[in-house]
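Worksheet: one structure, shown below.
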Amino acid sequence: MQPNAHTKIDIFIDYTWPWVRQASIWLARVKNELGSRLQINWRSFALEQVNSTHGDTWKAWEQGPEYLSRGLWALRGGIAARAQGDDAHDAYMENILQAKHVDLTDVRSRESVIDIAQTAKLEISRFSVDIDNPSTLKQIEQDHHDATQLGVFG
């Protein structure tokens, strides 16, 4: 990379995937080194959709409130955190990955994701409104579609 060049990359993630934690640690180091010359656009990729055994027409983000999703609340939380800025998302990401992959916390519920957002010191009233907004599911769907169009497979 040229000394003054700017690079923006899209990274498709599912917080429930262990390799996301490793990649985020490495990318944080790269970002620390490059500063504003590197912009990371974190985007959703629902592994439970890719790994679904429900058939081609089933979509994780279209399931009702009774559906216990493996990762949709975490992804919705990521979108809500990004709405508060890159630093807020970075703190959320660090905390949810620590909770899920190190502390072995169950992150499948809205409540657990809000608890994690509190530990990341996000503005919880705003976070709660944003995480509940149906547009988060639409964003997950769009990100997932974009990822599959690019050949992302999980």
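Just so we're on the same page: first chain in the structure tokens is A, next is B, and so on; residues restart at 1 for each chain, and ligands are numbered from 1 in the order they show up.
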
Using only C-alpha atoms, which protein or nucleic acid residues come within 8 Å of A:Tyr15? Drop anything in the same chain fewer than 2 positions from it, and give the result as a count of residues only. 11

Stretch 119-129 of chain A surroundings by only C-alpha atoms, 12 Å radius, close-in-sequence under 2 positions cut, as a ChimeraX atom specification: /A:73,76-99,110-117,131-136

Using the selection just defined, write its residues with N, CA and C atoms as a compact mmCIF listing (two decimals), in the first residue's frame.
# COMPACT_ATOMS: atom_id res chain seq x y z
N TRP A 73 -29.52 -12.26 16.27
CA TRP A 73 -29.50 -11.16 17.24
C TRP A 73 -28.12 -10.53 17.33
N ARG A 76 -27.80 -8.38 14.26
CA ARG A 76 -28.62 -7.17 14.43
C ARG A 76 -27.94 -6.20 15.40
N GLY A 77 -27.31 -6.75 16.43
CA GLY A 77 -26.56 -5.92 17.36
C GLY A 77 -25.39 -5.23 16.70
N GLY A 78 -24.73 -5.93 15.79
CA GLY A 78 -23.63 -5.32 15.05
C GLY A 78 -24.08 -4.14 14.22
N ILE A 79 -25.24 -4.28 13.59
CA ILE A 79 -25.80 -3.18 12.79
C ILE A 79 -26.16 -2.01 13.71
N ALA A 80 -26.79 -2.31 14.85
CA ALA A 80 -27.15 -1.26 15.80
C ALA A 80 -25.90 -0.57 16.36
N ALA A 81 -24.85 -1.32 16.60
CA ALA A 81 -23.61 -0.73 17.10
C ALA A 81 -22.97 0.16 16.04
N ARG A 82 -22.96 -0.28 14.79
CA ARG A 82 -22.39 0.53 13.71
C ARG A 82 -23.12 1.86 13.56
N ALA A 83 -24.41 1.87 13.89
CA ALA A 83 -25.18 3.12 13.83
C ALA A 83 -24.64 4.16 14.81
N GLN A 84 -23.88 3.71 15.81
CA GLN A 84 -23.27 4.61 16.78
C GLN A 84 -21.82 4.93 16.44
N GLY A 85 -21.35 4.45 15.31
CA GLY A 85 -20.00 4.79 14.85
C GLY A 85 -19.05 3.61 14.88
N ASP A 86 -17.93 3.79 14.21
CA ASP A 86 -16.93 2.72 14.11
C ASP A 86 -16.37 2.29 15.46
N ASP A 87 -16.11 3.26 16.34
CA ASP A 87 -15.56 2.91 17.65
C ASP A 87 -16.56 2.09 18.46
N ALA A 88 -17.84 2.47 18.37
CA ALA A 88 -18.88 1.72 19.07
C ALA A 88 -18.95 0.29 18.54
N HIS A 89 -18.90 0.16 17.21
CA HIS A 89 -18.94 -1.19 16.65
C HIS A 89 -17.71 -1.99 17.06
N ASP A 90 -16.55 -1.36 17.03
CA ASP A 90 -15.32 -2.08 17.42
C ASP A 90 -15.43 -2.60 18.85
N ALA A 91 -15.98 -1.78 19.75
CA ALA A 91 -16.14 -2.19 21.15
C ALA A 91 -17.16 -3.33 21.26
N TYR A 92 -18.27 -3.19 20.54
CA TYR A 92 -19.29 -4.25 20.53
C TYR A 92 -18.69 -5.56 20.00
N MET A 93 -17.98 -5.46 18.89
CA MET A 93 -17.41 -6.65 18.27
C MET A 93 -16.43 -7.34 19.21
N GLU A 94 -15.56 -6.57 19.80
CA GLU A 94 -14.60 -7.16 20.75
C GLU A 94 -15.32 -7.86 21.89
N ASN A 95 -16.36 -7.21 22.42
CA ASN A 95 -17.06 -7.78 23.57
C ASN A 95 -17.91 -9.00 23.21
N ILE A 96 -18.58 -8.95 22.05
CA ILE A 96 -19.41 -10.10 21.71
C ILE A 96 -18.55 -11.30 21.32
N LEU A 97 -17.44 -11.05 20.67
CA LEU A 97 -16.55 -12.16 20.32
C LEU A 97 -15.89 -12.76 21.56
N GLN A 98 -15.55 -11.91 22.51
CA GLN A 98 -15.01 -12.40 23.79
C GLN A 98 -16.07 -13.22 24.51
N ALA A 99 -17.27 -12.69 24.59
CA ALA A 99 -18.35 -13.39 25.29
C ALA A 99 -18.65 -14.74 24.64
N ARG A 110 -31.96 -11.58 22.32
CA ARG A 110 -31.90 -10.11 22.32
C ARG A 110 -31.29 -9.61 23.63
N GLU A 111 -31.72 -10.19 24.74
CA GLU A 111 -31.27 -9.75 26.05
C GLU A 111 -29.77 -9.94 26.22
N SER A 112 -29.24 -11.07 25.78
CA SER A 112 -27.80 -11.30 25.93
C SER A 112 -27.00 -10.31 25.08
N VAL A 113 -27.50 -9.99 23.90
CA VAL A 113 -26.81 -9.03 23.03
C VAL A 113 -26.86 -7.63 23.63
N ILE A 114 -27.99 -7.27 24.22
CA ILE A 114 -28.08 -5.96 24.89
C ILE A 114 -27.13 -5.90 26.08
N ASP A 115 -27.04 -6.98 26.84
CA ASP A 115 -26.09 -7.03 27.96
C ASP A 115 -24.65 -6.82 27.47
N ILE A 116 -24.32 -7.43 26.35
CA ILE A 116 -22.99 -7.27 25.78
C ILE A 116 -22.77 -5.84 25.31
N ALA A 117 -23.79 -5.24 24.71
CA ALA A 117 -23.69 -3.84 24.28
C ALA A 117 -23.47 -2.92 25.48
N ILE A 131 -31.72 -2.11 17.35
CA ILE A 131 -31.67 -3.58 17.22
C ILE A 131 -33.06 -4.14 16.91
N ASP A 132 -34.10 -3.47 17.40
CA ASP A 132 -35.47 -3.93 17.18
C ASP A 132 -36.05 -3.47 15.84
N ASN A 133 -35.38 -2.56 15.18
CA ASN A 133 -35.88 -2.05 13.91
C ASN A 133 -35.83 -3.17 12.86
N PRO A 134 -36.96 -3.43 12.20
CA PRO A 134 -36.98 -4.48 11.17
C PRO A 134 -35.97 -4.25 10.04
N SER A 135 -35.49 -3.02 9.91
CA SER A 135 -34.50 -2.75 8.86
C SER A 135 -33.20 -3.50 9.10
N THR A 136 -32.93 -3.92 10.35
CA THR A 136 -31.72 -4.69 10.60
C THR A 136 -31.79 -6.04 9.90

Could you find all residues in chain A that DSSP calls alpha helix (DSSP H) from the backbone, and write them as a PyMOL selection string? chain A and resi 18-34+47-50+72-82+86-101+110-119+124-132+135-149

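Between A:Ala60 and the residues A:Val107, A:Gly35, A:Gln142, A:Leu137, the shortest atom-to-atom distance, using only C-alpha atoms, involves A:Leu137.
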
Point-to-point distance in Å for atom CA of A:Ser24 and atom CA of A:Gly151: 20.7 Å

Nearest candidate to A:Ala46 (options A:Glu66, A:Asp143, A:Asp14, A:Asp106; using only C-alpha atoms): A:Asp14

Can you list, as a PyMOL selection string, every protein, DNA or RNA residue that comes within 9 Å of A:Ile40 when you count only C-alpha atoms, leaving out same-chain residues fewer than 2 positions away? chain A and resi 7-11+27+31+38+42+86

Where in chain A does DSSP assign strand (DSSP E), given as a PyMOL selection string? chain A and resi 7-13+38-44

From the list A:Val30, A:Val50, A:Leu72, A:Ala23, the nearest residue to A:Lys138 using only C-alpha atoms is A:Leu72

Would you mind reading off the distance between atom CA of A:Arg29 and atom CA of A:Arg43, one decimal, in Å? 19.2 Å
